[in-house]
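final_15.txt follows (compact mmCIF, C-alpha atoms):
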# COMPACT_ATOMS: atom_id res chain seq x y z
CA MET A 1 -32.72 -117.36 -189.45
CA GLY A 2 -29.46 -118.29 -191.20
CA LEU A 3 -26.68 -116.06 -192.45
CA GLN A 4 -27.80 -113.30 -194.80
CA PHE A 5 -24.90 -111.88 -196.81
CA LEU A 6 -25.22 -108.09 -196.98
CA ARG A 7 -21.80 -107.95 -198.61
CA GLY A 8 -19.99 -110.86 -200.21
CA ASN A 9 -21.06 -114.11 -201.82
CA PRO A 10 -22.31 -117.12 -199.77
CA GLN A 11 -21.03 -119.38 -202.58
CA ALA A 12 -17.53 -117.91 -202.24
CA PRO A 13 -17.03 -116.60 -198.68
CA LYS A 14 -13.74 -114.80 -198.03
CA GLY A 15 -13.02 -116.59 -194.76
CA HIS A 16 -13.38 -113.40 -192.68
CA ALA A 17 -16.65 -111.68 -191.95
CA ILE A 18 -18.33 -109.09 -189.76
CA PHE A 19 -21.47 -110.55 -188.16
CA VAL A 20 -24.18 -108.08 -187.31
CA ALA A 21 -27.37 -108.52 -185.27
CA LEU A 22 -29.96 -105.82 -184.78
CA SER A 23 -31.77 -105.61 -181.47
CA ALA A 24 -35.41 -106.68 -181.59
CA ASP A 25 -36.12 -104.35 -178.67
CA ASP A 26 -34.29 -101.22 -179.86
CA SER A 27 -33.91 -100.56 -183.59
CA ARG A 28 -30.97 -98.25 -182.90
CA ALA A 29 -28.90 -100.93 -181.08
CA VAL A 30 -26.44 -102.82 -183.28
CA PHE A 31 -24.40 -105.80 -182.10
CA CYS A 32 -21.52 -107.43 -183.93
CA THR A 33 -18.51 -109.73 -183.80
CA TYR A 34 -15.80 -110.71 -186.27
CA CYS A 35 -15.49 -114.27 -187.57
CA VAL A 36 -12.24 -115.71 -188.91
CA VAL A 37 -11.77 -119.10 -190.57
CA PRO A 38 -8.05 -120.09 -190.48
CA PRO A 39 -6.69 -120.55 -194.03
CA ILE A 40 -4.66 -123.59 -192.94
CA PRO A 41 -5.68 -126.55 -190.74
CA MET A 42 -5.38 -125.67 -187.08
CA SER A 43 -5.66 -127.98 -184.08
CA LEU A 44 -5.14 -126.74 -180.55
CA THR A 45 -4.31 -130.26 -179.37
CA LYS A 46 -1.04 -130.26 -181.34
CA TYR A 47 0.22 -127.60 -178.95
CA LEU A 48 -0.47 -129.82 -175.94
CA PRO A 49 2.38 -132.02 -174.66
CA PRO A 50 1.58 -135.70 -175.39
CA LEU A 51 1.47 -136.60 -171.70
CA PHE A 52 -1.00 -133.80 -171.00
CA ALA A 53 -3.14 -134.73 -174.00
CA ALA A 54 -3.22 -138.33 -172.76
CA GLN A 55 -4.85 -137.17 -169.53
CA LEU A 56 -7.75 -135.40 -171.25
CA PRO A 57 -11.03 -137.30 -171.78
CA PRO A 58 -11.68 -138.18 -175.46
CA GLU A 59 -14.64 -135.80 -175.67
CA GLU A 60 -12.46 -132.87 -174.55
CA LEU A 61 -9.72 -133.82 -177.00
CA GLN A 62 -12.28 -133.88 -179.79
CA GLU A 63 -13.69 -130.54 -178.64
CA VAL A 64 -10.37 -128.72 -179.11
CA ALA A 65 -9.17 -130.81 -182.03
CA ASN A 66 -10.10 -128.70 -184.99
CA ILE A 67 -10.53 -124.96 -185.03
CA SER A 68 -12.88 -123.76 -187.77
CA GLY A 69 -14.78 -120.49 -187.47
CA MET A 70 -13.67 -118.31 -184.56
CA PRO A 71 -15.76 -115.35 -183.35
CA ILE A 72 -13.57 -112.51 -182.08
CA PRO A 73 -14.75 -111.41 -179.53
CA PRO A 74 -16.57 -114.63 -178.57
CA MET A 75 -19.88 -112.82 -178.06
CA LEU A 76 -21.78 -110.11 -179.87
CA GLU A 77 -20.88 -106.65 -178.60
CA GLU A 78 -22.85 -103.43 -179.03
CA VAL A 79 -21.11 -101.11 -181.48
CA PHE A 80 -21.34 -97.90 -183.51
CA SER A 81 -23.89 -98.02 -186.27
CA MET A 82 -24.81 -100.14 -189.26
CA GLN A 83 -23.41 -97.53 -191.63
CA GLN A 84 -20.00 -97.63 -189.91
CA LEU A 85 -19.88 -101.42 -190.13
CA GLU A 86 -20.70 -101.26 -193.84
CA THR A 87 -17.85 -98.79 -194.36
CA ILE A 88 -15.40 -100.96 -192.40
CA ALA A 89 -16.38 -104.08 -194.37
CA GLU A 90 -15.92 -102.20 -197.65
CA ARG A 91 -12.51 -100.81 -196.74
CA ARG A 92 -11.23 -104.13 -195.34
CA ASP A 93 -12.91 -106.25 -198.04
CA ASP A 94 -14.72 -108.32 -195.40
CA ASP A 95 -17.94 -110.25 -195.83
CA LEU A 96 -20.80 -108.61 -193.94
CA CYS A 97 -23.49 -110.96 -192.65
CA ASP A 98 -26.77 -110.35 -190.87
CA ILE A 99 -27.19 -113.23 -188.41
CA GLY A 100 -30.71 -112.34 -187.31
CA PRO A 101 -32.46 -110.29 -184.65
CA LEU A 102 -31.16 -110.27 -181.10
CA SER A 103 -34.12 -110.55 -178.76
CA SER A 104 -32.27 -109.51 -175.62
CA LYS A 105 -28.92 -108.35 -174.28
CA ASP A 106 -28.41 -111.61 -172.38
CA GLU A 107 -24.71 -112.54 -172.57
CA ALA A 108 -25.39 -116.27 -172.99
CA GLU A 109 -27.60 -115.62 -176.02
CA ARG A 110 -25.06 -113.23 -177.53
CA MET A 111 -22.33 -115.85 -177.15
CA GLN A 112 -24.51 -118.65 -178.53
CA MET A 113 -25.48 -116.64 -181.61
CA ALA A 114 -21.82 -115.83 -182.31
CA ALA A 115 -20.79 -119.48 -181.97
CA PHE A 116 -23.59 -120.95 -184.11
CA SER A 117 -23.14 -118.34 -186.84
CA SER A 118 -19.38 -118.98 -186.91
CA GLN A 119 -20.00 -122.70 -187.39
CA GLU A 120 -22.39 -122.00 -190.27
CA TYR A 121 -19.95 -119.58 -191.91
CA ALA A 122 -17.05 -122.04 -191.49
CA GLN A 123 -19.11 -124.76 -193.20
CA LEU A 124 -19.80 -122.47 -196.15
CA TYR A 125 -16.09 -121.69 -196.41
CA SER A 126 -15.13 -125.38 -196.12
CA THR A 127 -17.48 -126.25 -198.99
CA TYR A 128 -16.04 -123.44 -201.09
CA ALA A 129 -12.44 -124.40 -200.22
CA THR A 130 -12.80 -127.81 -201.87
CA SER A 131 -13.05 -126.04 -205.22
CA PHE A 132 -9.63 -124.41 -205.12
CA VAL A 133 -7.33 -126.56 -202.97
CA ALA A 134 -4.45 -127.75 -205.14
CA ILE A 135 -3.70 -131.44 -204.80
CA GLU A 136 0.00 -132.27 -204.84
CA PRO A 137 0.86 -135.47 -206.74
CA ALA A 138 2.14 -138.39 -204.70
CA PRO A 139 5.95 -138.82 -204.92
CA ALA A 140 5.67 -142.14 -206.80
CA GLU A 141 2.98 -140.88 -209.16
CA VAL A 142 4.19 -137.48 -210.25
CA ASP A 143 2.02 -137.44 -213.35
CA GLU A 144 -1.21 -138.37 -211.57
CA LEU A 145 -3.54 -136.01 -209.74
CA VAL A 146 -6.16 -137.30 -207.35
CA PRO A 147 -9.66 -136.14 -208.38
CA LEU A 148 -11.21 -133.80 -205.81
CA ASP A 149 -14.41 -135.84 -205.79
CA ASP A 150 -12.48 -138.88 -204.51
CA LEU A 151 -11.22 -137.07 -201.40
CA ASP A 152 -13.03 -135.94 -198.27
CA THR A 153 -12.35 -132.62 -196.58
CA ASP A 154 -9.93 -134.14 -194.03
CA GLU A 155 -7.88 -135.69 -196.82
CA LEU A 156 -7.74 -132.39 -198.67
CA LEU A 157 -6.54 -130.57 -195.57
CA LEU A 158 -3.89 -133.20 -194.88
CA ARG A 159 -2.51 -132.81 -198.39
CA THR A 160 -2.11 -129.07 -197.88
CA MET A 161 -0.05 -129.54 -194.71
CA SER A 162 3.70 -129.05 -194.72
CA GLU A 163 5.95 -131.92 -193.58
CA ARG A 164 6.40 -130.14 -190.24
CA GLN A 165 2.67 -129.84 -189.74
CA LYS A 166 2.17 -133.53 -190.50
CA LEU A 167 4.87 -134.55 -188.02
CA THR A 168 3.43 -132.21 -185.39
CA GLU A 169 0.01 -133.75 -185.90
CA LEU A 170 1.49 -137.23 -185.49
CA GLY A 171 3.08 -136.09 -182.23
CA LYS A 172 -0.32 -135.05 -180.93
CA LEU A 173 -1.90 -138.32 -182.03
CA ILE A 174 0.77 -140.31 -180.18
CA GLY A 175 -0.66 -138.93 -176.93
CA THR A 176 -4.20 -139.78 -178.02
CA ALA A 177 -3.18 -143.33 -178.97
CA ARG A 178 -1.46 -143.95 -175.62
CA TYR A 179 -4.54 -142.60 -173.81
CA ALA A 180 -6.79 -144.97 -175.79
CA LEU A 181 -4.52 -147.93 -175.06
CA GLY A 182 -4.44 -147.15 -171.36
CA GLY A 183 -8.21 -146.75 -171.17
CA ARG A 184 -8.91 -149.73 -173.46
CA ASP A 185 -10.99 -147.46 -175.66
CA ARG A 186 -11.14 -149.47 -178.88
CA ALA A 187 -13.25 -146.96 -180.81
CA LEU A 188 -10.86 -144.08 -180.08
CA LEU A 189 -7.86 -146.31 -180.81
CA GLN A 190 -9.24 -147.36 -184.21
CA ASP A 191 -10.04 -143.77 -185.13
CA THR A 192 -6.57 -142.60 -184.05
CA ASP A 193 -4.93 -145.50 -185.92
CA LYS A 194 -6.75 -144.47 -189.10
CA LYS A 195 -5.73 -140.81 -188.77
CA MET A 196 -2.09 -141.66 -188.07
CA ARG A 197 -1.82 -144.02 -191.02
CA ARG A 198 -3.34 -141.44 -193.38
CA ILE A 199 -0.68 -138.94 -192.35
CA ALA A 200 2.14 -141.52 -192.47
CA ASP A 201 1.14 -142.47 -196.03
CA LEU A 202 1.69 -138.85 -197.11
CA LEU A 203 5.18 -138.61 -195.58
CA ALA A 204 8.39 -139.38 -197.44
CA ASP A 205 9.79 -142.84 -196.60
CA LYS A 206 12.86 -141.32 -194.93
CA TYR A 207 10.73 -140.18 -191.98
CA ARG A 208 9.74 -143.81 -191.22
CA GLY A 209 6.17 -142.79 -190.48
CA LYS A 210 4.83 -146.34 -190.59
CA GLU A 211 7.33 -147.47 -187.93
CA LEU A 212 6.31 -144.47 -185.82
CA VAL A 213 2.64 -145.44 -186.03
CA ALA A 214 3.39 -149.07 -185.19
CA ALA A 215 5.33 -147.99 -182.10
CA ALA A 216 2.57 -145.60 -180.96
CA LEU A 217 0.03 -148.44 -181.18
CA ASP A 218 2.29 -150.95 -179.41
CA SER A 219 0.56 -151.90 -176.14
CA HIS A 220 3.90 -152.48 -174.40
CA GLU A 221 5.31 -149.72 -172.19
CA ARG A 222 8.22 -149.20 -174.57
CA GLY A 223 5.78 -148.03 -177.26
CA THR A 224 5.65 -144.46 -175.97
CA LYS A 225 9.44 -144.10 -175.84
CA LEU A 226 9.91 -145.75 -179.22
CA ALA A 227 7.28 -143.57 -180.92
CA GLN A 228 8.84 -140.43 -179.44
CA LEU A 229 12.28 -141.50 -180.69
CA TYR A 230 10.94 -141.99 -184.22
CA LEU A 231 9.30 -138.57 -184.00
CA ASP A 232 12.52 -136.95 -182.76
CA ARG A 233 14.43 -138.63 -185.59
CA ALA A 234 11.95 -137.30 -188.17
CA PHE A 235 12.24 -133.74 -186.89
CA LYS A 236 16.05 -133.97 -186.89
CA LEU A 237 15.90 -135.05 -190.55
CA LEU A 238 13.51 -132.22 -191.36
CA ASP A 239 15.78 -129.66 -189.67
CA GLU A 240 18.90 -131.24 -191.24
CA GLU A 241 20.44 -131.86 -187.82
CA TYR A 242 22.07 -135.04 -189.07
CA ALA A 243 24.72 -135.25 -186.33
CA ASP A 244 22.05 -136.12 -183.75
CA ILE A 245 20.46 -138.94 -185.73
CA PRO A 246 22.97 -141.78 -185.01
CA ASN A 247 22.35 -141.53 -181.25
CA ILE A 248 18.60 -141.64 -181.80
CA GLU A 249 18.87 -144.68 -184.06
CA ARG A 250 21.06 -146.39 -181.48
CA ALA A 251 18.41 -145.77 -178.82
CA ILE A 252 15.73 -147.16 -181.16
CA ARG A 253 17.71 -150.38 -181.71
CA GLU A 254 18.28 -150.80 -177.98
CA LEU A 255 14.57 -150.50 -177.27
CA GLN A 256 13.68 -152.91 -180.06
CA ASN A 257 16.11 -155.49 -178.69
CA GLU A 258 14.76 -155.38 -175.12
Turn the structure described in the file into structure tokens.
Amino acid sequence: MGLQFLRGNPQAPKGHAIFVALSADDSRAVFCTYCVVPPIPMSLTKYLPPLFAAQLPPEELQEVANISGMPIPPMLEEVFSMQQLETIAERRDDDLCDIGPLSSKDEAERMQMAAFSSQEYAQLYSTYATSFVAIEPAPAEVDELVPLDDLDTDELLLRTMSERQKLTELGKLIGTARYALGGRDRALLQDTDKKMRRIADLLADKYRGKELVAAALDSHERGTKLAQLYLDRAFKLLDEEYADIPNIERAIRELQNE
């Protein structure tokens, strides 16, 4: 059984919903959790230091890469009554979704139902989000807008990121690229290369994103240091800490001349 909207519209989910499951064994028992879909792109890996991220297996990096629907708490918990949940949803303007009968009070099942339902709700929201995300014109083509149909969801999300978010994402991908180089993982390296170049193409030229990507993909040992210097330089520009930039550029030249 999929999500059944008791309140709200499955074609236009709000991004926050109360999930409810009635016990199949006891009609009076009501279980629920709260699902939230972040309104902006969120990746846990961007909060990991590059060296730590480089030590994680690719499958674990992928697992924490993108946060979509989050059940809070992570499993269905027994609560009040259906009437109280309806009142809460009304007052808070939440979606209210029936996620099906709960056949037992087994914790593993309660956690699994919460996770699967959150994924389904997040997919509904992602589909809906493509209809209202504003596409900013590229700097060189101020009068042109990119048609929504020509962009995938990842591209849309990238275009909604701030400059700081894009640079932070590049910092995370530096660690992934160095891990792929060290492990000779060509598939991961190609995928990371593609992601980094897509972000770099959306950055202003002053951040030297293309040089940063080239350094991150450089198989020589200096690549890590050079990529980090380019990233530091970009953040200094963003924060208008111009006095620190000459020293960084000097360090970049020294590494390039080695």
Between CA of Tyr125 (chain A) and CA of Gly15 (chain A), measure the distance and give it in Å to one decimal.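 Atom-to-atom, CA of Tyr125 (chain A) and CA of Gly15 (chain A) are spaced 6.2 Å apart.
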With distances taken over only C-alpha atoms, which of A:Ala12, A:Ile245, A:Leu231, A:Met161 is nearest to Arg208 (chain A)?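 Closest residue, counting only C-alpha atoms: A:Leu231.
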Please indicate the distance in Å from CA of Glu221 (chain A) to CA of Arg198 (chain A), rounded to one decimal place.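 About the pair CA of Glu221 (chain A) and CA of Arg198 (chain A): they are 24.3 Å apart.
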Any idea what's packed within 10 Å of Phe19 (chain A), counting all atoms listed in the file, ignoring anything in its chain fewer than 4 positions away? Could you give it as a short mmCIF file (atom, residue, chain, number, x, y, z; two decimals) with C-alpha atoms, in the coordinates of the input?
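To be explicit, this is the file written out as selection20.cif:
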data_model
loop_
_atom_site.label_atom_id
_atom_site.label_comp_id
_atom_site.auth_asym_id
_atom_site.auth_seq_id
_atom_site.Cartn_x
_atom_site.Cartn_y
_atom_site.Cartn_z
CA LEU A 3 -26.68 -116.06 -192.45
CA GLN A 4 -27.80 -113.30 -194.80
CA PHE A 5 -24.90 -111.88 -196.81
CA LEU A 6 -25.22 -108.09 -196.98
CA PHE A 31 -24.40 -105.80 -182.10
CA CYS A 32 -21.52 -107.43 -183.93
CA THR A 33 -18.51 -109.73 -183.80
CA TYR A 34 -15.80 -110.71 -186.27
CA CYS A 35 -15.49 -114.27 -187.57
CA PRO A 71 -15.76 -115.35 -183.35
CA LEU A 76 -21.78 -110.11 -179.87
CA LEU A 85 -19.88 -101.42 -190.13
CA ASP A 95 -17.94 -110.25 -195.83
CA LEU A 96 -20.80 -108.61 -193.94
CA CYS A 97 -23.49 -110.96 -192.65
CA ASP A 98 -26.77 -110.35 -190.87
CA ILE A 99 -27.19 -113.23 -188.41
CA GLY A 100 -30.71 -112.34 -187.31
CA MET A 113 -25.48 -116.64 -181.61
CA ALA A 114 -21.82 -115.83 -182.31
CA SER A 117 -23.14 -118.34 -186.84
CA SER A 118 -19.38 -118.98 -186.91
CA TYR A 121 -19.95 -119.58 -191.91
#
Contacts of His220 (chain A) at 12 Å (only C-alpha atoms; same-chain gap of 2+ positions) as a list of chain:residue names: A:Arg178, A:Leu181, A:Gly182, A:Ala214, A:Ala215, A:Ala216, A:Leu217, A:Asp218, A:Arg222, A:Gly223, A:Thr224, A:Lys225, A:Leu226, A:Ala227, A:Leu255, A:Gln256, A:Glu258
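The space separating CA of Ile248 (chain A) from CA of Thr168 (chain A) comes to 18.2 Å.
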Closest to Met70 (chain A) among A:Glu120, A:Glu163, A:Asp185, A:Glu211, using all atoms listed in the file?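 Among the listed residues, A:Glu120 lies closest to Met70 (chain A).
Checking A:Met82, A:Ala21, A:Leu158, A:Met75 one by one against Ala115 (chain A), counting only C-alpha atoms, you find the shortest gap at A:Met75.
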Using all atoms listed in the file, which of the listed residues (A:Ile40, A:Ala122, A:Ile88, A:Leu22) sits closest to Pro10 (chain A)? A:Ala122
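Ranking A:Val213, A:Met111, A:Ala251, A:Leu124 by their shortest atom-to-atom distance to Gln11 (chain A), with all atoms listed in the file included, puts A:Leu124 first.
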Counting all atoms listed in the file, the residue among A:Leu237, A:Pro101, A:Ala24, A:Thr192 that lies closest to Gly2 (chain A) is A:Pro101
Please report, as JSON, the centre and edge lengths in Å to one decimal of an axis-aligned box covering all listed atoms of region 6-18 of chain A with 4 Å per side.
{"center_x": -19.1, "center_y": -113.7, "center_z": -196.2, "size_x": 20.2, "size_y": 19.4, "size_z": 20.8}
Which residues are close to Ala204 (chain A), i.e. within 12 Å by all atoms listed in the file, leaving aside same-chain residues fewer than 4 positions away? Reply as an mmCIF file with C-alpha atoms, in the coordinates of the input.
data_model
loop_
_atom_site.group_PDB
_atom_site.id
_atom_site.type_symbol
_atom_site.label_atom_id
_atom_site.label_comp_id
_atom_site.auth_asym_id
_atom_site.auth_seq_id
_atom_site.Cartn_x
_atom_site.Cartn_y
_atom_site.Cartn_z
ATOM 1 C CA ALA A 138 2.140 -138.390 -204.700
ATOM 2 C CA PRO A 139 5.950 -138.820 -204.920
ATOM 3 C CA ALA A 140 5.670 -142.140 -206.800
ATOM 4 C CA SER A 162 3.700 -129.050 -194.720
ATOM 5 C CA GLU A 163 5.950 -131.920 -193.580
ATOM 6 C CA ARG A 164 6.400 -130.140 -190.240
ATOM 7 C CA LYS A 166 2.170 -133.530 -190.500
ATOM 8 C CA LEU A 167 4.870 -134.550 -188.020
ATOM 9 C CA ILE A 199 -0.680 -138.940 -192.350
ATOM 10 C CA ALA A 200 2.140 -141.520 -192.470
ATOM 11 C CA ARG A 208 9.740 -143.810 -191.220
ATOM 12 C CA GLY A 209 6.170 -142.790 -190.480
ATOM 13 C CA LYS A 210 4.830 -146.340 -190.590
ATOM 14 C CA ALA A 234 11.950 -137.300 -188.170
ATOM 15 C CA LEU A 237 15.900 -135.050 -190.550
ATOM 16 C CA LEU A 238 13.510 -132.220 -191.360
#
